[in-house]
Amino acid sequence: MDTPSINQRLRQYFDGRIVRKDLTKTIKEGANVPVYVLEFLLGQYCSSDDEEVIEAGVQNVKRILAENYVRPDEAQKILSQLRRIGSYTVIDMVTVSLDIQKNCYFASFSNLGLPKVPIEDAYPEMYDRLLCGGIWCIIQLDYEYIEEEKKNGYPIRIRKLTPIQMPRVDLHEVKEGRKAFSKEEWMDVLLRSIGMEPDRLTLREKWLLLIRMIPLVENNYNLCELGPRSTGKSHLYKEISPNSILVSGGQTTVANLFYNMGRKTVGLVGLWDCVAFDEVAGIRFKDKDGVQIMKDYMASGSFARGKEEKAASASMVFVGNINQSVDVLLKTSSLFDPFPPEMGTDTAFLDRIHCYLPGWEVPKFRPEHFTDDYGFITDYLAEFVRELRKEQYSDALDRWFRLGKNLNQRDVIAVRRTMDGLLKLIYPDGEFSKEELEEVLKIALEMRRRVKEQLKKLGGMEFYDVNFSYIDNETFEERYVTVPEQGGGKLIPEGICNPGQVYTVSRGKSGMIGVFRLESQMLPGNGKFDRTGIGSDRDARESSSTAFNFLKANGNRISGSISTTTKDYIINYQDLQGIGMTGKLALPSLIALCSIALGRPTLGSLAVLGEISISGTIMKVDELANTLQCCLDSGAKKVLIPSVSMIDFATVPADLMGAFQLIPYSSAEDAVFKALGVE
């Protein structure tokens, strides 16, 4: 017997809860209303397999939208019809505000352009989101003009207001229905429910799109996604979920976001499941303490206003554009660079972000990326996802794994919350294997490590422990999780390099610590010295000259076979991380020259640290702990280090010290011999 198709099983277990997304797409092109508004209507009129019924339903929905959806440019026409007929039903975004002086509520209609329509107290009391941000509604309006009341009266009245949302869902129905689908099938159903066609996506891209949904299923979850334009970063929060609100970049206030002291009302975080900030570069707080209050809320889910402490469960999402390549951003600044300075350089703020979703890996959406197949009505999806906020599955981690020692408490919380969100989305019935849990765990570790890698760039040794791992409780095997874009281990390769090739780690002109590669050549000649890749930087040119002059003066003490009168030397300097050529490369340059002159390669996986003066005095390494961390991230296994730096060993974490074979040297000649493995 053939297995029923995904669509047959959807109709079997979720009848009346699904909709063909091509119907949504077709009508959406002609009406600028959120998807959940359209699918609310499609769910009422097109819940059938019969093509004739579906076609009739589509025409019905089109008619309702044509007659009742308010286009801003037709607002006056509709008001005229309302006045002529006496009553009219509209579909519009409604926001309610309290007029303190008159002690009553007034409704504002977004597209209709009506600013102050009286509304009964019962509506904002029943639907409190009307008071903050507004919601889409179907509204029956009456028009009655009374001459005697023209001075103080208002001719338009709201007869009935109905929010466009489904009633609460039965979560048991979702859990039982999930059992009929494999993991891959359920992922595809979720993606089609938000309008995406999974057959056009890789498995990695599917996971990234599903991560966007975690703030809707997880309380107090902080997510950041930065990437190119046209990848749909804000689409989910603006169009798909009626439980989230998208705040466009610009000035905001503590009163609007958290708590209005005058009205004594909670702001957006108390009224929505998710508050998403579009175009993070433009976020500005009018209040001086705005960022601090946001930090407190992101850490604890509460905030203090006046003498009271208020709690809320809204997740925070920060989306924005990266206008240059990620490689350039990684080399020149940090992946948080698009944030405004008061956020993007505040490590305490950034440390509260649970997940950094790599938006540059999400494809730019083209027409073929949008599905024509069946998916959940978006409002049904939003409601069962909302119900899942009450569940918790991340404790299952402890059954099979434990997290490595490099994760601090904030890291652990972040990883567990990301895991919890993905498990609830993919396995709402709570049934998953060890392998399936491990797959989710790896993703959660990567998303948090991306945050930590950037914190290390900005905050130095406070965030040195970025090597995230997890341990299998059965085999005790420890497995490490990396972030794809770092590529750190490739900078200093494993094994023996060619003679004349040296890797060093130093602080560049940009102020960041990074890796430089030196490659030298030796040709027959009369003692000329040249360098390439160094540009016009004066300090760097002087540094390389110091190395060559030292070699001319002391070459015989290193080896009698080194000649600086019958050979020409060239060094090519390569700034591997774009941090700006440095002037502290004399010692590595000396080792590179000796290596090519003697035809001996340096030790494998070696990073050379330290510097010499023109007289040969050894200088210690600045910021030893940060420099060693860069060596580790770049793949070094051995580190040549000046003995004078041993006084700073106490500032380096023991784990970091133990990650290398440290090779101390006491003079320039000693450094050359040890780098080349000469006894």
# chains A, B, ... in the order shown; residues from 1 in each chain; ligands from 1
>>> residues_around(residues="Ala281 of chain A", least_positions_apart="3", cutoff="7 Å", atoms="only C-alpha atoms", output="ChimeraX atom specification")
/A:320,338-340
>>> write_last_selection(atoms="N, CA and C atoms", output="PDB file, in the first residue's frame")
ATOM      1  N   GLY A 320      19.046  43.653   9.973  1.00  0.00           N
ATOM      2  CA  GLY A 320      19.624  44.786   9.257  1.00  0.00           C
ATOM      3  C   GLY A 320      20.474  44.317   8.097  1.00  0.00           C
ATOM      4  N   PRO A 338      27.102  46.889  11.728  1.00  0.00           N
ATOM      5  CA  PRO A 338      25.926  47.659  11.297  1.00  0.00           C
ATOM      6  C   PRO A 338      25.086  48.229  12.442  1.00  0.00           C
ATOM      7  N   PHE A 339      25.259  47.743  13.666  1.00  0.00           N
ATOM      8  CA  PHE A 339      24.514  48.296  14.798  1.00  0.00           C
ATOM      9  C   PHE A 339      24.952  49.736  15.044  1.00  0.00           C
ATOM     10  N   PRO A 340      24.063  50.561  15.634  1.00  0.00           N
ATOM     11  CA  PRO A 340      24.506  51.908  16.036  1.00  0.00           C
ATOM     12  C   PRO A 340      25.620  51.783  17.069  1.00  0.00           C
TER      13      PRO A 340
END
>>> residues_around(residues="segment 105-119 of chain A", least_positions_apart="5", cutoff="8 Å", atoms="only C-alpha atoms", output="list in words")
Val70, Arg71, Pro72, Ala75, Gln76, Leu79, Asp92, Met93, Val94, Thr95, Val96, Ser97, Leu98, Asp99, Tyr154, Ile156, Arg157 and Ile158 of chain A
>>> closest_residue(among="A:Ser333, A:Thr566, A:Asn68, A:Asn467", to="Ser510 of chain A", atoms="only C-alpha atoms")
A:Ser333
>>> atom_distance(atom1="atom CA of Leu551 of chain A", atom2="atom CA of Gln577 of chain A")
28.3 Å
>>> atom_distance(atom1="atom CA of Ser615 of chain A", atom2="atom CA of Phe550 of chain A")
7.8 Å
>>> select_by_dssp(residues="segment 91-321 of chain A", states="strand (DSSP E)", output="PDB file with N, CA and C atoms, in the first residue's frame")
ATOM      1  N   ILE A  91     -11.927  46.589   6.027  1.00  0.00           N
ATOM      2  CA  ILE A  91     -10.787  45.839   6.575  1.00  0.00           C
ATOM      3  C   ILE A  91      -9.631  46.822   6.649  1.00  0.00           C
ATOM      4  N   ASP A  92      -9.154  47.095   7.859  1.00  0.00           N
ATOM      5  CA  ASP A  92      -8.129  48.122   8.033  1.00  0.00           C
ATOM      6  C   ASP A  92      -7.348  47.849   9.319  1.00  0.00           C
ATOM      7  N   MET A  93      -6.195  48.507   9.418  1.00  0.00           N
ATOM      8  CA  MET A  93      -5.392  48.460  10.651  1.00  0.00           C
ATOM      9  C   MET A  93      -5.930  49.516  11.610  1.00  0.00           C
ATOM     10  N   VAL A  94      -6.297  49.080  12.819  1.00  0.00           N
ATOM     11  CA  VAL A  94      -6.909  49.981  13.800  1.00  0.00           C
ATOM     12  C   VAL A  94      -6.005  50.111  15.022  1.00  0.00           C
ATOM     13  N   THR A  95      -5.786  51.351  15.425  1.00  0.00           N
ATOM     14  CA  THR A  95      -5.028  51.648  16.648  1.00  0.00           C
ATOM     15  C   THR A  95      -5.916  52.480  17.564  1.00  0.00           C
ATOM     16  N   VAL A  96      -5.890  52.158  18.854  1.00  0.00           N
ATOM     17  CA  VAL A  96      -6.743  52.864  19.827  1.00  0.00           C
ATOM     18  C   VAL A  96      -5.866  53.639  20.803  1.00  0.00           C
ATOM     19  N   SER A  97      -6.303  54.843  21.155  1.00  0.00           N
ATOM     20  CA  SER A  97      -5.593  55.643  22.161  1.00  0.00           C
ATOM     21  C   SER A  97      -6.599  56.211  23.151  1.00  0.00           C
ATOM     22  N   LEU A  98      -6.121  56.470  24.349  1.00  0.00           N
ATOM     23  CA  LEU A  98      -6.970  57.019  25.417  1.00  0.00           C
ATOM     24  C   LEU A  98      -6.795  58.527  25.474  1.00  0.00           C
ATOM     25  N   ASP A  99      -7.902  59.235  25.366  1.00  0.00           N
ATOM     26  CA  ASP A  99      -7.891  60.692  25.520  1.00  0.00           C
ATOM     27  C   ASP A  99      -8.127  60.997  26.995  1.00  0.00           C
ATOM     28  N   CYS A 104     -12.043  59.018  27.445  1.00  0.00           N
ATOM     29  CA  CYS A 104     -12.636  58.001  26.581  1.00  0.00           C
ATOM     30  C   CYS A 104     -11.616  57.589  25.517  1.00  0.00           C
ATOM     31  N   TYR A 105     -11.925  56.459  24.861  1.00  0.00           N
ATOM     32  CA  TYR A 105     -11.016  55.909  23.850  1.00  0.00           C
ATOM     33  C   TYR A 105     -11.421  56.367  22.450  1.00  0.00           C
ATOM     34  N   PHE A 106     -10.395  56.539  21.593  1.00  0.00           N
ATOM     35  CA  PHE A 106     -10.632  56.857  20.192  1.00  0.00           C
ATOM     36  C   PHE A 106      -9.819  55.902  19.319  1.00  0.00           C
ATOM     37  N   ALA A 107     -10.416  55.499  18.190  1.00  0.00           N
ATOM     38  CA  ALA A 107      -9.751  54.603  17.248  1.00  0.00           C
ATOM     39  C   ALA A 107      -9.235  55.392  16.050  1.00  0.00           C
ATOM     40  N   SER A 108      -8.039  55.007  15.584  1.00  0.00           N
ATOM     41  CA  SER A 108      -7.475  55.590  14.367  1.00  0.00           C
ATOM     42  C   SER A 108      -7.403  54.497  13.309  1.00  0.00           C
ATOM     43  N   PHE A 109      -7.842  54.815  12.101  1.00  0.00           N
ATOM     44  CA  PHE A 109      -7.840  53.869  10.996  1.00  0.00           C
ATOM     45  C   PHE A 109      -6.675  54.211  10.063  1.00  0.00           C
ATOM     46  N   VAL A 117     -12.067  58.208  15.933  1.00  0.00           N
ATOM     47  CA  VAL A 117     -13.429  57.661  15.908  1.00  0.00           C
ATOM     48  C   VAL A 117     -13.728  57.097  17.298  1.00  0.00           C
ATOM     49  N   PRO A 118     -14.804  57.524  17.938  1.00  0.00           N
ATOM     50  CA  PRO A 118     -15.120  56.993  19.271  1.00  0.00           C
ATOM     51  C   PRO A 118     -15.271  55.473  19.234  1.00  0.00           C
ATOM     52  N   ILE A 135      -3.912  46.492  15.336  1.00  0.00           N
ATOM     53  CA  ILE A 135      -4.114  45.184  14.713  1.00  0.00           C
ATOM     54  C   ILE A 135      -5.110  45.322  13.563  1.00  0.00           C
ATOM     55  N   TRP A 136      -5.020  44.388  12.621  1.00  0.00           N
ATOM     56  CA  TRP A 136      -5.954  44.367  11.498  1.00  0.00           C
ATOM     57  C   TRP A 136      -7.299  43.833  11.971  1.00  0.00           C
ATOM     58  N   CYS A 137      -8.347  44.484  11.513  1.00  0.00           N
ATOM     59  CA  CYS A 137      -9.690  44.118  11.961  1.00  0.00           C
ATOM     60  C   CYS A 137     -10.676  44.216  10.800  1.00  0.00           C
ATOM     61  N   ILE A 138     -11.801  43.533  10.951  1.00  0.00           N
ATOM     62  CA  ILE A 138     -12.975  43.761  10.113  1.00  0.00           C
ATOM     63  C   ILE A 138     -13.917  44.627  10.951  1.00  0.00           C
ATOM     64  N   ILE A 139     -14.258  45.813  10.441  1.00  0.00           N
ATOM     65  CA  ILE A 139     -15.025  46.775  11.237  1.00  0.00           C
ATOM     66  C   ILE A 139     -16.291  47.178  10.489  1.00  0.00           C
ATOM     67  N   GLN A 140     -17.412  47.059  11.186  1.00  0.00           N
ATOM     68  CA  GLN A 140     -18.679  47.550  10.645  1.00  0.00           C
ATOM     69  C   GLN A 140     -18.881  48.972  11.141  1.00  0.00           C
ATOM     70  N   LEU A 141     -18.971  49.923  10.209  1.00  0.00           N
ATOM     71  CA  LEU A 141     -19.109  51.336  10.555  1.00  0.00           C
ATOM     72  C   LEU A 141     -20.516  51.840  10.233  1.00  0.00           C
ATOM     73  N   ASP A 142     -21.010  52.724  11.065  1.00  0.00           N
ATOM     74  CA  ASP A 142     -22.279  53.407  10.817  1.00  0.00           C
ATOM     75  C   ASP A 142     -22.012  54.896  10.667  1.00  0.00           C
ATOM     76  N   TYR A 143     -22.868  55.545   9.882  1.00  0.00           N
ATOM     77  CA  TYR A 143     -22.744  56.998   9.681  1.00  0.00           C
ATOM     78  C   TYR A 143     -24.107  57.628   9.928  1.00  0.00           C
ATOM     79  N   ILE A 156     -19.487  59.268  12.626  1.00  0.00           N
ATOM     80  CA  ILE A 156     -19.094  57.873  12.375  1.00  0.00           C
ATOM     81  C   ILE A 156     -19.026  57.106  13.693  1.00  0.00           C
ATOM     82  N   ARG A 157     -19.658  55.918  13.713  1.00  0.00           N
ATOM     83  CA  ARG A 157     -19.662  55.058  14.889  1.00  0.00           C
ATOM     84  C   ARG A 157     -19.203  53.649  14.503  1.00  0.00           C
ATOM     85  N   ILE A 158     -18.561  52.964  15.443  1.00  0.00           N
ATOM     86  CA  ILE A 158     -18.160  51.566  15.237  1.00  0.00           C
ATOM     87  C   ILE A 158     -19.265  50.678  15.784  1.00  0.00           C
ATOM     88  N   ARG A 159     -19.939  49.955  14.871  1.00  0.00           N
ATOM     89  CA  ARG A 159     -21.000  49.050  15.323  1.00  0.00           C
ATOM     90  C   ARG A 159     -20.402  47.737  15.846  1.00  0.00           C
ATOM     91  N   LYS A 160     -19.406  47.215  15.095  1.00  0.00           N
ATOM     92  CA  LYS A 160     -18.782  45.948  15.505  1.00  0.00           C
ATOM     93  C   LYS A 160     -17.348  45.905  15.010  1.00  0.00           C
ATOM     94  N   LEU A 161     -16.451  45.407  15.840  1.00  0.00           N
ATOM     95  CA  LEU A 161     -15.034  45.266  15.481  1.00  0.00           C
ATOM     96  C   LEU A 161     -14.602  43.836  15.767  1.00  0.00           C
ATOM     97  N   THR A 162     -14.041  43.164  14.752  1.00  0.00           N
ATOM     98  CA  THR A 162     -13.584  41.775  14.907  1.00  0.00           C
ATOM     99  C   THR A 162     -12.123  41.671  14.492  1.00  0.00           C
ATOM    100  N   PRO A 163     -11.215  41.382  15.437  1.00  0.00           N
ATOM    101  CA  PRO A 163      -9.804  41.178  15.054  1.00  0.00           C
ATOM    102  C   PRO A 163      -9.676  39.990  14.112  1.00  0.00           C
ATOM    103  N   ASN A 222      16.614  36.402  22.260  1.00  0.00           N
ATOM    104  CA  ASN A 222      17.238  37.545  21.588  1.00  0.00           C
ATOM    105  C   ASN A 222      18.002  37.065  20.359  1.00  0.00           C
ATOM    106  N   LEU A 223      17.531  37.473  19.178  1.00  0.00           N
ATOM    107  CA  LEU A 223      18.119  36.998  17.926  1.00  0.00           C
ATOM    108  C   LEU A 223      18.582  38.180  17.087  1.00  0.00           C
ATOM    109  N   CYS A 224      19.711  37.987  16.422  1.00  0.00           N
ATOM    110  CA  CYS A 224      20.238  38.998  15.499  1.00  0.00           C
ATOM    111  C   CYS A 224      20.459  38.336  14.144  1.00  0.00           C
ATOM    112  N   GLU A 225      19.995  39.007  13.078  1.00  0.00           N
ATOM    113  CA  GLU A 225      20.292  38.532  11.723  1.00  0.00           C
ATOM    114  C   GLU A 225      20.690  39.720  10.865  1.00  0.00           C
ATOM    115  N   LEU A 226      21.918  39.690  10.398  1.00  0.00           N
ATOM    116  CA  LEU A 226      22.414  40.722   9.494  1.00  0.00           C
ATOM    117  C   LEU A 226      22.860  40.044   8.200  1.00  0.00           C
ATOM    118  N   GLY A 227      22.528  40.664   7.085  1.00  0.00           N
ATOM    119  CA  GLY A 227      22.883  40.057   5.810  1.00  0.00           C
ATOM    120  C   GLY A 227      22.526  40.969   4.655  1.00  0.00           C
ATOM    121  N   SER A 244       3.641  39.258  16.269  1.00  0.00           N
ATOM    122  CA  SER A 244       4.889  40.020  16.310  1.00  0.00           C
ATOM    123  C   SER A 244       4.653  41.396  15.718  1.00  0.00           C
ATOM    124  N   ILE A 245       5.504  42.336  16.102  1.00  0.00           N
ATOM    125  CA  ILE A 245       5.414  43.693  15.559  1.00  0.00           C
ATOM    126  C   ILE A 245       6.791  44.109  15.066  1.00  0.00           C
ATOM    127  N   LEU A 246       6.815  44.738  13.908  1.00  0.00           N
ATOM    128  CA  LEU A 246       8.074  45.189  13.316  1.00  0.00           C
ATOM    129  C   LEU A 246       8.206  46.692  13.549  1.00  0.00           C
ATOM    130  N   VAL A 247       9.265  47.062  14.275  1.00  0.00           N
ATOM    131  CA  VAL A 247       9.540  48.476  14.543  1.00  0.00           C
ATOM    132  C   VAL A 247      10.579  48.934  13.534  1.00  0.00           C
ATOM    133  N   GLN A 251      13.913  56.608  15.724  1.00  0.00           N
ATOM    134  CA  GLN A 251      13.848  56.896  17.153  1.00  0.00           C
ATOM    135  C   GLN A 251      12.728  56.105  17.817  1.00  0.00           C
ATOM    136  N   THR A 252      13.027  55.586  18.994  1.00  0.00           N
ATOM    137  CA  THR A 252      12.004  54.939  19.810  1.00  0.00           C
ATOM    138  C   THR A 252      12.178  55.421  21.240  1.00  0.00           C
ATOM    139  N   TYR A 259       7.594  50.853  29.178  1.00  0.00           N
ATOM    140  CA  TYR A 259       6.579  51.250  30.157  1.00  0.00           C
ATOM    141  C   TYR A 259       6.337  52.747  30.078  1.00  0.00           C
ATOM    142  N   ASN A 260       5.059  53.107  29.984  1.00  0.00           N
ATOM    143  CA  ASN A 260       4.667  54.513  29.961  1.00  0.00           C
ATOM    144  C   ASN A 260       4.316  54.944  31.379  1.00  0.00           C
ATOM    145  N   THR A 265       1.100  52.079  31.728  1.00  0.00           N
ATOM    146  CA  THR A 265       0.815  50.933  30.859  1.00  0.00           C
ATOM    147  C   THR A 265       2.116  50.358  30.319  1.00  0.00           C
ATOM    148  N   VAL A 266       2.144  49.031  30.168  1.00  0.00           N
ATOM    149  CA  VAL A 266       3.313  48.350  29.614  1.00  0.00           C
ATOM    150  C   VAL A 266       3.341  48.571  28.106  1.00  0.00           C
ATOM    151  N   CYS A 274       6.788  38.983  20.071  1.00  0.00           N
ATOM    152  CA  CYS A 274       8.085  39.273  19.467  1.00  0.00           C
ATOM    153  C   CYS A 274       8.106  40.721  18.998  1.00  0.00           C
ATOM    154  N   VAL A 275       9.158  41.445  19.376  1.00  0.00           N
ATOM    155  CA  VAL A 275       9.368  42.808  18.907  1.00  0.00           C
ATOM    156  C   VAL A 275      10.611  42.786  18.028  1.00  0.00           C
ATOM    157  N   ALA A 276      10.416  43.056  16.730  1.00  0.00           N
ATOM    158  CA  ALA A 276      11.529  43.005  15.779  1.00  0.00           C
ATOM    159  C   ALA A 276      11.892  44.418  15.349  1.00  0.00           C
ATOM    160  N   PHE A 277      13.193  44.715  15.343  1.00  0.00           N
ATOM    161  CA  PHE A 277      13.694  46.023  14.928  1.00  0.00           C
ATOM    162  C   PHE A 277      14.266  45.895  13.522  1.00  0.00           C
ATOM    163  N   ARG A 284      17.493  54.451  17.450  1.00  0.00           N
ATOM    164  CA  ARG A 284      17.909  55.519  18.360  1.00  0.00           C
ATOM    165  C   ARG A 284      16.921  55.618  19.510  1.00  0.00           C
ATOM    166  N   PHE A 285      17.440  55.735  20.723  1.00  0.00           N
ATOM    167  CA  PHE A 285      16.595  55.971  21.893  1.00  0.00           C
ATOM    168  C   PHE A 285      16.599  57.449  22.232  1.00  0.00           C
ATOM    169  N   SER A 302      12.873  41.421  32.509  1.00  0.00           N
ATOM    170  CA  SER A 302      12.185  42.405  33.356  1.00  0.00           C
ATOM    171  C   SER A 302      12.908  43.742  33.253  1.00  0.00           C
ATOM    172  N   PHE A 303      12.246  44.785  33.726  1.00  0.00           N
ATOM    173  CA  PHE A 303      12.825  46.121  33.688  1.00  0.00           C
ATOM    174  C   PHE A 303      12.215  46.942  34.817  1.00  0.00           C
ATOM    175  N   ALA A 304      12.995  47.862  35.344  1.00  0.00           N
ATOM    176  CA  ALA A 304      12.540  48.698  36.461  1.00  0.00           C
ATOM    177  C   ALA A 304      12.097  50.050  35.928  1.00  0.00           C
ATOM    178  N   ARG A 305      10.900  50.466  36.332  1.00  0.00           N
ATOM    179  CA  ARG A 305      10.398  51.803  36.026  1.00  0.00           C
ATOM    180  C   ARG A 305       9.800  52.362  37.298  1.00  0.00           C
ATOM    181  N   GLU A 308       8.738  50.215  40.646  1.00  0.00           N
ATOM    182  CA  GLU A 308       8.275  48.874  40.322  1.00  0.00           C
ATOM    183  C   GLU A 308       9.197  48.183  39.330  1.00  0.00           C
ATOM    184  N   GLU A 309       9.175  46.854  39.410  1.00  0.00           N
ATOM    185  CA  GLU A 309       9.866  46.047  38.402  1.00  0.00           C
ATOM    186  C   GLU A 309       8.821  45.289  37.616  1.00  0.00           C
ATOM    187  N   LYS A 310       8.853  45.429  36.306  1.00  0.00           N
ATOM    188  CA  LYS A 310       7.869  44.804  35.438  1.00  0.00           C
ATOM    189  C   LYS A 310       8.513  43.659  34.660  1.00  0.00           C
ATOM    190  N   ALA A 311       7.731  42.613  34.428  1.00  0.00           N
ATOM    191  CA  ALA A 311       8.219  41.465  33.656  1.00  0.00           C
ATOM    192  C   ALA A 311       7.413  41.347  32.363  1.00  0.00           C
ATOM    193  N   SER A 315      10.152  38.351  22.848  1.00  0.00           N
ATOM    194  CA  SER A 315      11.504  38.143  22.326  1.00  0.00           C
ATOM    195  C   SER A 315      11.934  39.379  21.547  1.00  0.00           C
ATOM    196  N   MET A 316      13.248  39.579  21.462  1.00  0.00           N
ATOM    197  CA  MET A 316      13.807  40.723  20.739  1.00  0.00           C
ATOM    198  C   MET A 316      14.537  40.219  19.488  1.00  0.00           C
ATOM    199  N   VAL A 317      14.236  40.834  18.347  1.00  0.00           N
ATOM    200  CA  VAL A 317      14.898  40.469  17.095  1.00  0.00           C
ATOM    201  C   VAL A 317      15.499  41.727  16.479  1.00  0.00           C
ATOM    202  N   PHE A 318      16.743  41.616  16.044  1.00  0.00           N
ATOM    203  CA  PHE A 318      17.435  42.743  15.409  1.00  0.00           C
ATOM    204  C   PHE A 318      17.846  42.318  14.002  1.00  0.00           C
ATOM    205  N   VAL A 319      17.266  42.953  12.984  1.00  0.00           N
ATOM    206  CA  VAL A 319      17.623  42.620  11.611  1.00  0.00           C
ATOM    207  C   VAL A 319      18.142  43.862  10.900  1.00  0.00           C
ATOM    208  N   GLY A 320      19.046  43.653   9.973  1.00  0.00           N
ATOM    209  CA  GLY A 320      19.624  44.786   9.257  1.00  0.00           C
ATOM    210  C   GLY A 320      20.474  44.317   8.097  1.00  0.00           C
ATOM    211  N   ASN A 321      20.951  45.262   7.326  1.00  0.00           N
ATOM    212  CA  ASN A 321      21.714  44.946   6.119  1.00  0.00           C
ATOM    213  C   ASN A 321      23.215  45.073   6.345  1.00  0.00           C
TER     214      ASN A 321
END
>>> closest_residue(among="A:Ile413, A:Ala382, A:Leu609, A:Ala654", to="Ala668 of chain A", atoms="only C-alpha atoms")
A:Leu609
>>> closest_residue(among="A:Leu268, A:Val415, A:Leu330, A:Leu455", to="Asp346 of chain A", atoms="only C-alpha atoms")
A:Leu455
>>> atom_distance(atom1="atom CA of Ile492 of chain A", atom2="atom CA of Gln661 of chain A")
14.9 Å
>>> select_by_dssp(residues="segment 173-332 of chain A", states="alpha helix (DSSP H)", output="ChimeraX atom specification")
/A:173-178,183-193,203-211,214-217,235,254-257,268-271,290-300,326-332
>>> residues_around(residues="Pro653 of chain A", least_positions_apart="5", cutoff="12 Å", atoms="only C-alpha atoms", output="number ranges by chain")
A: 406, 461-465, 624-626, 628-629, 648, 658-659
>>> residues_around(residues="segment 561-564 of chain A", least_positions_apart="6", cutoff="12 Å", atoms="only C-alpha atoms", output="PyMOL selection string")
chain A and resi 522-529+548-555+570+593-599
